[in-house]
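Structure data follow from start29.pdb (PDB, C-alpha atoms):
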ATOM      1  CA  MET A 343      10.467 -13.736   0.682
ATOM      2  CA  SER A 344       7.399 -14.779   2.674
ATOM      3  CA  VAL A 345       4.967 -12.048   3.667
ATOM      4  CA  PRO A 346       4.690 -11.663   7.479
ATOM      5  CA  ASP A 347       1.317 -11.652   9.175
ATOM      6  CA  ARG A 348       0.349  -9.099  11.805
ATOM      7  CA  SER A 349       1.619 -11.256  14.671
ATOM      8  CA  GLN A 350       5.148 -11.143  13.220
ATOM      9  CA  ILE A 351       5.303  -7.340  13.151
ATOM     10  CA  GLU A 352       6.638  -5.594  16.254
ATOM     11  CA  ILE A 353       5.609  -2.002  16.974
ATOM     12  CA  PHE A 354       7.441  -0.189  19.764
ATOM     13  CA  SER A 355       6.586   3.189  21.202
ATOM     14  CA  LYS A 356       9.247   5.393  22.746
ATOM     15  CA  GLY A 357       9.075   6.803  26.242
ATOM     16  CA  PRO A 358       9.666  10.547  26.739
ATOM     17  CA  PRO A 359      13.089  11.832  27.873
ATOM     18  CA  SER A 360      13.232  13.426  31.311
ATOM     19  CA  LYS A 361      14.843  16.630  29.994
ATOM     20  CA  ASP A 362      11.592  17.564  28.210
ATOM     21  CA  PHE A 363       9.258  17.493  31.228
ATOM     22  CA  PRO A 364       9.138  19.048  34.722
ATOM     23  CA  ARG A 365      10.325  16.616  37.389
ATOM     24  CA  GLU A 366       6.938  16.860  39.141
ATOM     25  CA  THR A 367       5.060  15.427  36.150
ATOM     26  CA  TYR A 368       7.670  13.302  34.396
ATOM     27  CA  VAL A 369       7.018   9.940  36.059
ATOM     28  CA  GLN A 370       3.309  10.203  35.335
ATOM     29  CA  GLN A 371       4.108  11.024  31.702
ATOM     30  CA  VAL A 372       6.179   7.833  31.402
ATOM     31  CA  ILE A 373       3.385   5.801  32.962
ATOM     32  CA  ASP A 374       0.865   7.396  30.596
ATOM     33  CA  VAL A 375       2.900   6.539  27.483
ATOM     34  CA  ALA A 376       3.337   2.949  28.663
ATOM     35  CA  SER A 377      -0.415   2.725  29.290
ATOM     36  CA  TRP A 378      -1.270   4.193  25.856
ATOM     37  CA  SER A 379       1.122   1.737  24.249
ATOM     38  CA  GLU A 380      -0.425  -1.252  25.979
ATOM     39  CA  GLN A 381      -3.961  -0.158  25.117
ATOM     40  CA  ALA A 382      -2.977   0.370  21.462
ATOM     41  CA  GLY A 383      -1.478  -3.119  21.249
ATOM     42  CA  CYS A 384       2.187  -2.106  20.930
ATOM     43  CA  THR A 385       4.840  -4.729  21.553
ATOM     44  CA  ALA A 386       6.505  -2.561  24.207
ATOM     45  CA  SER A 387       7.350   0.974  25.249
ATOM     46  CA  LEU A 388      11.102   1.625  25.158
ATOM     47  CA  MET A 389      12.933   3.663  27.782
ATOM     48  CA  CYS A 390      15.822   5.670  26.313
ATOM     49  CA  THR A 391      19.121   6.579  27.917
ATOM     50  CA  ASP A 392      22.011   8.994  27.448
ATOM     51  CA  ASN A 393      24.087  11.263  29.681
ATOM     52  CA  SER A 394      21.392  13.951  29.893
ATOM     53  CA  ILE A 395      18.396  11.943  31.142
ATOM     54  CA  VAL A 396      17.451   9.740  34.086
ATOM     55  CA  ASP A 397      18.444   6.097  34.308
ATOM     56  CA  PRO A 398      16.104   3.847  32.253
ATOM     57  CA  TRP A 399      16.318   0.996  34.768
ATOM     58  CA  LEU A 400      14.829   3.235  37.447
ATOM     59  CA  LEU A 401      11.976   4.124  35.117
ATOM     60  CA  SER A 402      11.439   0.478  34.230
ATOM     61  CA  GLN A 403      11.284  -0.400  37.928
ATOM     62  CA  LEU A 404       8.545   2.207  38.407
ATOM     63  CA  LEU A 405       6.517   0.670  35.598
ATOM     64  CA  LEU A 406       7.082  -2.893  36.812
ATOM     65  CA  SER A 407       6.081  -1.967  40.371
ATOM     66  CA  SER A 408       2.459  -1.610  39.372
ATOM     67  CA  PRO A 409       0.188  -3.372  41.899
ATOM     68  CA  ALA A 410      -1.471  -5.319  39.056
ATOM     69  CA  PRO A 411       0.443  -8.520  38.149
ATOM     70  CA  VAL A 412       0.925  -9.652  34.568
ATOM     71  CA  THR A 413      -1.046 -12.721  33.472
ATOM     72  CA  PHE A 414      -0.111 -14.869  30.494
ATOM     73  CA  GLU A 415      -1.727 -18.210  29.622
ATOM     74  CA  ASP A 416      -3.267 -18.530  33.107
ATOM     75  CA  LYS A 417       0.089 -18.033  34.837
ATOM     76  CA  CYS A 418       0.430 -15.014  37.095
ATOM     77  CA  TYR A 419       3.769 -13.156  37.023
ATOM     78  CA  LYS A 420       4.803 -10.680  39.695
ATOM     79  CA  VAL A 421       7.870  -8.433  39.798
ATOM     80  CA  ASP A 422       9.564  -7.430  43.052
ATOM     81  CA  ASN A 423      12.855  -5.487  42.902
ATOM     82  CA  LEU A 424      13.374  -6.629  39.298
ATOM     83  CA  LYS A 425      13.038 -10.305  40.310
ATOM     84  CA  MET A 426      10.265 -12.159  38.542
ATOM     85  CA  SER A 427       8.501 -15.279  39.725
ATOM     86  CA  PRO A 428       7.774 -17.918  38.550
ATOM     87  CA  PRO A 429      10.708 -18.290  36.094
ATOM     88  CA  LEU A 430       9.942 -16.780  32.705
ATOM     89  CA  ALA A 431       8.976 -19.189  29.932
ATOM     90  CA  PRO A 432      11.475 -19.216  27.013
ATOM     91  CA  GLU A 433       8.888 -17.858  24.570
ATOM     92  CA  LEU A 434       8.565 -14.771  26.790
ATOM     93  CA  PHE A 435      12.282 -13.948  26.904
ATOM     94  CA  PRO A 436      12.864 -10.329  25.920
ATOM     95  CA  GLY A 437      14.161  -9.468  22.482
ATOM     96  CA  ILE A 438      17.333  -7.454  21.939
ATOM     97  CA  LEU A 439      17.480  -4.353  19.735
ATOM     98  CA  MET A 440      20.872  -3.103  18.542
ATOM     99  CA  SER A 441      21.965  -0.284  16.276
ATOM    100  CA  GLY A 442      22.401  -1.454  12.694
ATOM    101  CA  SER A 443      23.326   1.848  11.075
ATOM    102  CA  SER A 444      26.855   0.714  10.178
ATOM    103  CA  ASP A 445      27.893  -2.530   8.517
ATOM    104  CA  ALA A 446      29.777  -3.495  11.671
ATOM    105  CA  GLY A 447      26.752  -2.750  13.862
ATOM    106  CA  MET A 448      24.457  -4.793  11.653
ATOM    107  CA  ALA A 449      26.852  -7.749  11.606
ATOM    108  CA  ALA A 450      27.202  -7.588  15.405
ATOM    109  CA  ALA A 451      23.438  -7.473  15.917
ATOM    110  CA  TRP A 452      22.805 -10.467  13.691
ATOM    111  CA  ALA A 453      25.695 -12.419  15.224
ATOM    112  CA  ALA A 454      24.061 -11.872  18.624
ATOM    113  CA  GLY A 455      20.638 -12.917  17.348
ATOM    114  CA  ALA A 456      19.372  -9.373  17.904
ATOM    115  CA  THR A 457      17.242  -7.082  15.756
ATOM    116  CA  ALA A 458      19.398  -4.592  13.838
ATOM    117  CA  VAL A 459      17.662  -1.180  13.933
ATOM    118  CA  GLN A 460      18.263   1.396  11.207
ATOM    119  CA  HIS A 461      17.059   4.884  10.382
ATOM    120  CA  PRO A 462      15.410   4.146   7.052
ATOM    121  CA  LYS A 463      15.958   5.589   3.614
ATOM    122  CA  PRO A 464      12.857   6.617   1.654
ATOM    123  CA  ALA A 465      10.994   3.364   1.020
ATOM    124  CA  LYS A 466      11.391   3.616  -2.758
ATOM    125  CA  ASP A 467      15.145   3.191  -2.236
ATOM    126  CA  VAL A 468      14.749   0.049  -0.092
ATOM    127  CA  ASP A 469      15.528  -3.177  -1.914
ATOM    128  CA  THR A 470      12.901  -5.917  -1.668
ATOM    129  CA  HIS A 471      15.625  -8.177  -0.234
ATOM    130  CA  ALA A 472      17.197  -5.576   2.050
ATOM    131  CA  VAL A 473      17.136  -7.997   4.995
ATOM    132  CA  PRO A 474      18.617 -11.478   4.410
ATOM    133  CA  ASP A 475      16.343 -14.431   5.149
ATOM    134  CA  GLY A 476      16.634 -15.553   8.746
ATOM    135  CA  GLU A 477      17.874 -12.206  10.053
ATOM    136  CA  LYS A 478      15.895  -9.614  12.013
ATOM    137  CA  SER A 479      15.888  -5.914  11.230
ATOM    138  CA  GLY A 480      13.805  -2.877  12.054
ATOM    139  CA  VAL A 481      13.492   0.826  11.370
ATOM    140  CA  ARG A 482      12.965   3.849  13.591
ATOM    141  CA  GLY A 483      10.826   6.833  12.619
ATOM    142  CA  GLY A 484       7.839   8.972  13.447
ATOM    143  CA  ILE A 485       4.432   8.687  11.773
ATOM    144  CA  ILE A 486       1.754  11.353  11.380
ATOM    145  CA  ALA A 487      -1.160  10.232   9.200
ATOM    146  CA  ARG A 488      -4.697  11.511   8.713
ATOM    147  CA  PRO A 489      -7.539  10.739   6.281
ATOM    148  CA  LYS A 490      -6.417  13.666   4.096
ATOM    149  CA  SER A 491      -2.778  14.418   3.286
ATOM    150  CA  SER A 492      -3.248  18.158   3.819
ATOM    151  CA  ASP A 493      -4.535  17.546   7.353
ATOM    152  CA  ALA A 494      -1.528  15.346   8.169
ATOM    153  CA  TRP A 495       0.921  18.006   7.010
ATOM    154  CA  SER A 496      -0.951  20.691   8.944
ATOM    155  CA  VAL A 497      -0.634  18.611  12.132
ATOM    156  CA  SER A 498       3.017  17.868  11.351
ATOM    157  CA  HIS A 499       4.038  21.524  11.005
ATOM    158  CA  GLU A 500       2.047  22.503  14.078
ATOM    159  CA  ARG A 501       3.592  19.752  16.205
ATOM    160  CA  LEU A 502       7.146  20.112  14.857
ATOM    161  CA  PRO A 503       7.591  23.739  13.774
ATOM    162  CA  GLY A 504      10.807  25.287  12.529
ATOM    163  CA  ASP A 505      13.124  26.754  15.127
ATOM    164  CA  ARG A 506      16.110  28.940  14.197
ATOM    165  CA  LYS A 507      18.056  28.145  17.379
ATOM    166  CA  SER A 508      17.662  24.396  16.769
ATOM    167  CA  GLN A 509      18.613  24.782  13.106
ATOM    168  CA  LEU A 510      21.889  26.402  14.178
ATOM    169  CA  ALA A 511      22.513  23.702  16.796
ATOM    170  CA  HIS A 512      22.033  20.839  14.338
ATOM    171  CA  PRO A 513      25.139  21.346  12.142
ATOM    172  CA  LEU A 514      27.276  21.983  15.238
ATOM    173  CA  ALA A 515      26.104  18.716  16.792
ATOM    174  CA  MET A 516      26.782  16.826  13.567
ATOM    175  CA  ARG A 517      30.344  18.177  13.398
ATOM    176  CA  VAL A 518      31.208  16.842  16.853
ATOM    177  CA  SER A 519      29.201  13.605  16.663
ATOM    178  CA  ASP A 520      30.874  10.332  15.728
ATOM    179  CA  SER A 521      27.490   8.626  15.243
ATOM    180  CA  VAL A 522      27.296   6.866  11.881
ATOM    181  CA  LEU A 523      23.532   7.087  12.162
ATOM    182  CA  HIS A 524      23.469  10.884  12.498
ATOM    183  CA  GLN A 525      25.981  11.348   9.713
ATOM    184  CA  GLN A 526      23.886   9.149   7.414
ATOM    185  CA  LEU A 527      20.751  11.178   8.049
ATOM    186  CA  SER A 528      22.587  14.458   7.539
ATOM    187  CA  HIS A 529      23.948  13.161   4.235
ATOM    188  CA  MET A 530      20.451  12.058   3.241
ATOM    189  CA  ILE A 531      19.140  15.615   3.692
ATOM    190  CA  LYS A 532      21.713  16.789   1.157
ATOM    191  CA  GLU A 533      20.694  14.017  -1.249
ATOM    192  CA  VAL A 534      16.893  14.078  -1.104
ATOM    193  CA  GLY A 535      16.109  17.431   0.521
ATOM    194  CA  GLU A 536      13.685  18.114   3.324
ATOM    195  CA  VAL A 537      10.739  16.205   1.807
ATOM    196  CA  GLN A 538      10.512  13.274  -0.570
ATOM    197  CA  GLY A 539       6.925  12.105  -0.908
ATOM    198  CA  VAL A 540       5.775  11.238   2.593
ATOM    199  CA  TYR A 541       9.378  10.974   3.820
ATOM    200  CA  TRP A 542      10.101  14.073   5.946
ATOM    201  CA  MET A 543      13.506  15.096   7.344
ATOM    202  CA  TRP A 544      12.496  18.512   8.764
ATOM    203  CA  PRO A 545      12.251  17.393  12.439
ATOM    204  CA  PHE A 546      15.788  15.968  12.288
ATOM    205  CA  GLN A 547      17.075  19.038  10.460
ATOM    206  CA  ASN A 548      15.596  21.192  13.231
ATOM    207  CA  TYR A 549      17.258  19.072  15.928
ATOM    208  CA  GLN A 550      13.849  18.109  17.335
ATOM    209  CA  THR A 551      14.146  14.353  16.745
ATOM    210  CA  PHE A 552      16.831  11.900  15.683
ATOM    211  CA  CYS A 553      14.775  10.106  13.063
ATOM    212  CA  PRO A 554      12.837  10.792   9.857
ATOM    213  CA  TYR A 555       9.037  11.060   9.799
ATOM    214  CA  LEU A 556       6.408   9.643   7.448
ATOM    215  CA  CYS A 557       3.616  12.178   6.907
ATOM    216  CA  GLY A 558       0.569  12.044   4.664
ATOM    217  CA  SER A 559      -2.791  10.369   4.178
ATOM    218  CA  TYR A 560      -3.440   6.917   5.626
ATOM    219  CA  GLU A 561      -3.154   5.402   2.153
ATOM    220  CA  GLU A 562       0.114   7.195   1.352
ATOM    221  CA  VAL A 563       1.821   6.309   4.630
ATOM    222  CA  ALA A 564       0.487   2.736   4.617
ATOM    223  CA  ASP A 565       1.971   2.266   1.146
ATOM    224  CA  GLU A 566       5.343   3.527   2.405
ATOM    225  CA  VAL A 567       5.230   1.185   5.418
ATOM    226  CA  SER A 568       4.278  -1.771   3.214
ATOM    227  CA  ARG A 569       7.422  -1.225   1.147
ATOM    228  CA  TYR A 570       9.571  -1.487   4.265
ATOM    229  CA  VAL A 571       7.767  -4.713   5.165
ATOM    230  CA  ARG A 572       8.433  -6.088   1.696
ATOM    231  CA  GLY A 573      12.112  -5.283   2.256
ATOM    232  CA  GLY A 574      12.107  -7.582   5.290
ATOM    233  CA  PHE A 575      11.780  -5.057   8.115
ATOM    234  CA  LYS A 576       9.501  -6.445  10.835
ATOM    235  CA  SER A 577      10.218  -4.148  13.793
ATOM    236  CA  PHE A 578       9.153  -0.493  13.868
ATOM    237  CA  ILE A 579      10.220   1.925  16.599
ATOM    238  CA  LEU A 580       7.932   4.949  16.674
ATOM    239  CA  ASP A 581       8.888   8.378  17.937
ATOM    240  CA  ILE A 582       7.455   9.686  21.226
ATOM    241  CA  PRO A 583       3.628   9.623  20.964
ATOM    242  CA  PRO A 584       1.732  12.807  21.869
ATOM    243  CA  GLY A 585      -1.308  10.804  23.003
ATOM    244  CA  ARG A 586      -3.249   7.537  22.981
ATOM    245  CA  GLU A 587      -5.176   8.442  19.837
ATOM    246  CA  GLU A 588      -2.000   8.811  17.758
ATOM    247  CA  LEU A 589      -0.864   5.310  18.687
ATOM    248  CA  GLN A 590      -4.285   3.875  17.878
ATOM    249  CA  ARG A 591      -4.212   5.556  14.449
ATOM    250  CA  THR A 592      -0.771   4.103  13.804
ATOM    251  CA  GLN A 593      -1.858   0.581  14.724
ATOM    252  CA  ALA A 594      -4.779   0.824  12.282
ATOM    253  CA  LEU A 595      -2.388   2.127   9.631
ATOM    254  CA  PHE A 596      -0.118  -0.904  10.041
ATOM    255  CA  ASP A 597      -3.104  -3.233   9.636
ATOM    256  CA  CYS A 598      -3.887  -1.450   6.369
ATOM    257  CA  ALA A 599      -0.238  -1.672   5.241
ATOM    258  CA  LEU A 600      -0.078  -5.424   5.855
ATOM    259  CA  ARG A 601      -3.292  -6.013   3.924
ATOM    260  CA  SER A 602      -1.683  -4.330   0.917
ATOM    261  CA  VAL A 603       1.399  -6.557   1.261
ATOM    262  CA  ALA A 604      -0.597  -9.777   1.353
ATOM    263  CA  PRO A 605      -0.709 -11.634  -1.992
TER     264      PRO A 605
END

Would you kindly transcribe this structure into structure tokens?
Amino acid sequence: MSVPDRSQIEIFSKGPPSKDFPRETYVQQVIDVASWSEQAGCTASLMCTDNSIVDPWLLSQLLLSSPAPVTFEDKCYKVDNLKMSPPLAPELFPGILMSGSSDAGMAAAWAAGATAVQHPKPAKDVDTHAVPDGEKSGVRGGIIARPKSSDAWSVSHERLPGDRKSQLAHPLAMRVSDSVLHQQLSHMIKEVGEVQGVYWMWPFQNYQTFCPYLCGSYEEVADEVSRYVRGGFKSFILDIPPGREELQRTQALFDCALRSVAP
């Protein structure tokens, strides 16, 4: 398997859900996350959707209605009511991300030429040929890294503390959910426990996120990320960022991880 360079790695941030912010400040929060993501060099900021939050197309329209046009290779693109002019060049066509948590989902994603997104196992359990040549796959998870491991874990527990009400809600939600992804993560907690190295399931167990986290020193987390890259994963969907600085740290961490992958 060839080792990808930095330009082949996609890093997506995740926009905040409307249920977590007052309506008066929510739109500005979405704009802020998109701005942080652009400044940190992320591929894109993703808008989520389910039955409890506002429509992602409306949010996307707000972001695209910025008075500043987008310029690429000396061509100026403007968006008006989700209509772009001039016509988009083929190399700028948007990518498609699809759930790849089940075998059927992964096969469907690859058949459609999309990126199959999984919630990852601990990196030590990822085969170096986890993704077949020619196919695209990615993983979703949060990252909290600091120069010292103890500092990273201190930030992690402060940002995502335990909550008894959420702990009681989690097993109830898993019993009524038909999501293969959620069932896999719940099963993984039983197998590996709350923590395995830098791999942390506590936020999911507390019903605060729907993905695992990687927590530790820059070196520890970069090593974990590099193992996913060696397995063929080239797209990484990060959990909701608390600020611009966290995204900038993560970008630097990925640069470090790719240097360790290079022969």

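Among the candidate residues A:Phe363, A:Tyr560, A:Phe596, A:Tyr555, the one lying nearest to Ser492 in chain A is A:Tyr560, with distances computed using all atoms listed in the file.
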
What do you get, as an mmCIF file with C-alpha atoms, in the frame of the given file, if you spell out every residue that the PyMOL selection byres ((chain A and resi 389-397) around 10) selects here?
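So expr_21.cif came out as:
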data_model
loop_
_atom_site.group_PDB
_atom_site.id
_atom_site.type_symbol
_atom_site.label_atom_id
_atom_site.label_comp_id
_atom_site.auth_asym_id
_atom_site.auth_seq_id
_atom_site.Cartn_x
_atom_site.Cartn_y
_atom_site.Cartn_z
ATOM 1 C CA SER A 355 6.586 3.189 21.202
ATOM 2 C CA LYS A 356 9.247 5.393 22.746
ATOM 3 C CA GLY A 357 9.075 6.803 26.242
ATOM 4 C CA PRO A 358 9.666 10.547 26.739
ATOM 5 C CA PRO A 359 13.089 11.832 27.873
ATOM 6 C CA SER A 360 13.232 13.426 31.311
ATOM 7 C CA LYS A 361 14.843 16.630 29.994
ATOM 8 C CA ASP A 362 11.592 17.564 28.210
ATOM 9 C CA VAL A 372 6.179 7.833 31.402
ATOM 10 C CA ALA A 376 3.337 2.949 28.663
ATOM 11 C CA ALA A 386 6.505 -2.561 24.207
ATOM 12 C CA SER A 387 7.350 0.974 25.249
ATOM 13 C CA LEU A 388 11.102 1.625 25.158
ATOM 14 C CA PRO A 398 16.104 3.847 32.253
ATOM 15 C CA TRP A 399 16.318 0.996 34.768
ATOM 16 C CA LEU A 400 14.829 3.235 37.447
ATOM 17 C CA LEU A 401 11.976 4.124 35.117
ATOM 18 C CA SER A 402 11.439 0.478 34.230
#

Taking the file as shown, find all residues satisfying the PyMOL selection byres ((chain A and resi 590) around 12) and write them as a PDB file with C-alpha atoms, in the coordinates of the input.
ATOM      1  CA  ILE A 353       5.609  -2.002  16.974  1.00  0.00           C
ATOM      2  CA  SER A 355       6.586   3.189  21.202  1.00  0.00           C
ATOM      3  CA  TRP A 378      -1.270   4.193  25.856  1.00  0.00           C
ATOM      4  CA  SER A 379       1.122   1.737  24.249  1.00  0.00           C
ATOM      5  CA  GLU A 380      -0.425  -1.252  25.979  1.00  0.00           C
ATOM      6  CA  GLN A 381      -3.961  -0.158  25.117  1.00  0.00           C
ATOM      7  CA  ALA A 382      -2.977   0.370  21.462  1.00  0.00           C
ATOM      8  CA  GLY A 383      -1.478  -3.119  21.249  1.00  0.00           C
ATOM      9  CA  CYS A 384       2.187  -2.106  20.930  1.00  0.00           C
ATOM     10  CA  ILE A 485       4.432   8.687  11.773  1.00  0.00           C
ATOM     11  CA  ILE A 486       1.754  11.353  11.380  1.00  0.00           C
ATOM     12  CA  ALA A 487      -1.160  10.232   9.200  1.00  0.00           C
ATOM     13  CA  ARG A 488      -4.697  11.511   8.713  1.00  0.00           C
ATOM     14  CA  PRO A 583       3.628   9.623  20.964  1.00  0.00           C
ATOM     15  CA  PRO A 584       1.732  12.807  21.869  1.00  0.00           C
ATOM     16  CA  GLY A 585      -1.308  10.804  23.003  1.00  0.00           C
ATOM     17  CA  ARG A 586      -3.249   7.537  22.981  1.00  0.00           C
ATOM     18  CA  GLU A 587      -5.176   8.442  19.837  1.00  0.00           C
ATOM     19  CA  GLU A 588      -2.000   8.811  17.758  1.00  0.00           C
ATOM     20  CA  LEU A 589      -0.864   5.310  18.687  1.00  0.00           C
ATOM     21  CA  ARG A 591      -4.212   5.556  14.449  1.00  0.00           C
ATOM     22  CA  THR A 592      -0.771   4.103  13.804  1.00  0.00           C
ATOM     23  CA  GLN A 593      -1.858   0.581  14.724  1.00  0.00           C
ATOM     24  CA  ALA A 594      -4.779   0.824  12.282  1.00  0.00           C
ATOM     25  CA  LEU A 595      -2.388   2.127   9.631  1.00  0.00           C
ATOM     26  CA  PHE A 596      -0.118  -0.904  10.041  1.00  0.00           C
ATOM     27  CA  ASP A 597      -3.104  -3.233   9.636  1.00  0.00           C
TER      28      ASP A 597
END

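For the pair CA of Ala458 in chain A and CA of Ala472 in chain A, the interatomic distance is 12.0 Å.
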
- Item | Nearest to Ala465 in chain A, chosen from A:Ile373, A:Ser498, A:Val481, A:Phe552, with only C-alpha atoms counted in the distances | A:Val481

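Nearest-residue note for Arg482 in chain A: choosing from A:Thr551, A:Ser349, A:Thr470, A:Ser559, the minimum distance belongs to A:Thr551, counting only C-alpha atoms.
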
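Pairwise distance (CA of Lys466 in chain A, CA of Glu562 in chain A) equals 12.5 Å.
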
- Task: Mind giving me the straight-line distance from CA of Val497 in chain A to CA of Asp374 in chain A in Å, one decimal?
- Result: 21.7 Å

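Using all atoms listed in the file, every residue with an atom at most 8 Å from the point (1.1, 13.3, 2.1) is listed here: Lys490, Ser491, Ser492, Ala494, Trp495, Gly539, Val540, Cys557, Gly558, Ser559, Glu562 and Val563 of chain A.
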
- If the PyMOL selection byres ((chain A and resi 455) around 12) is run on the structure shown, which residues does it catch, given as an MDAnalysis selection string? chainID A and resid 436:440 448:454 456:458 476:479

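Counting all atoms listed in the file, the residue from A:Leu406, A:Tyr368, A:Asn548, A:Val473 that sits nearest to Gly573 in chain A is A:Val473.
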
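The protein and nucleic acid residues lying at most 10 Å from Phe578 in chain A are Ile351, Glu352, Ile353, Phe354, Ser355, Thr385, Val459, Gln460, Ser479, Gly480, Val481, Arg482, Gly483, Gly484, Val567, Tyr570 and Val571 of chain A, with only C-alpha atoms considered and sequence neighbours fewer than 5 positions away removed.
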
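Each of A:Lys463, A:Phe575, A:Leu434, A:Asp445 was compared to Tyr541 in chain A using all atoms listed in the file, and A:Lys463 turns out to be the nearest.
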
- For Cys598 in chain A, please output as JSON, numbers by chain all residues within 9 Å (counting only C-alpha atoms; exclusion window: fewer than 5 positions along the same chain). {"A": [560, 561, 564, 565, 568, 593, 603]}

Output the selection as a CSV table (one decimal), in the frame of the given file - C-alpha atoms for each residue.
chain,number,residue,atom,x,y,z
A,560,TYR,CA,-3.4,6.9,5.6
A,561,GLU,CA,-3.2,5.4,2.2
A,564,ALA,CA,0.5,2.7,4.6
A,565,ASP,CA,2.0,2.3,1.1
A,568,SER,CA,4.3,-1.8,3.2
A,593,GLN,CA,-1.9,0.6,14.7
A,603,VAL,CA,1.4,-6.6,1.3
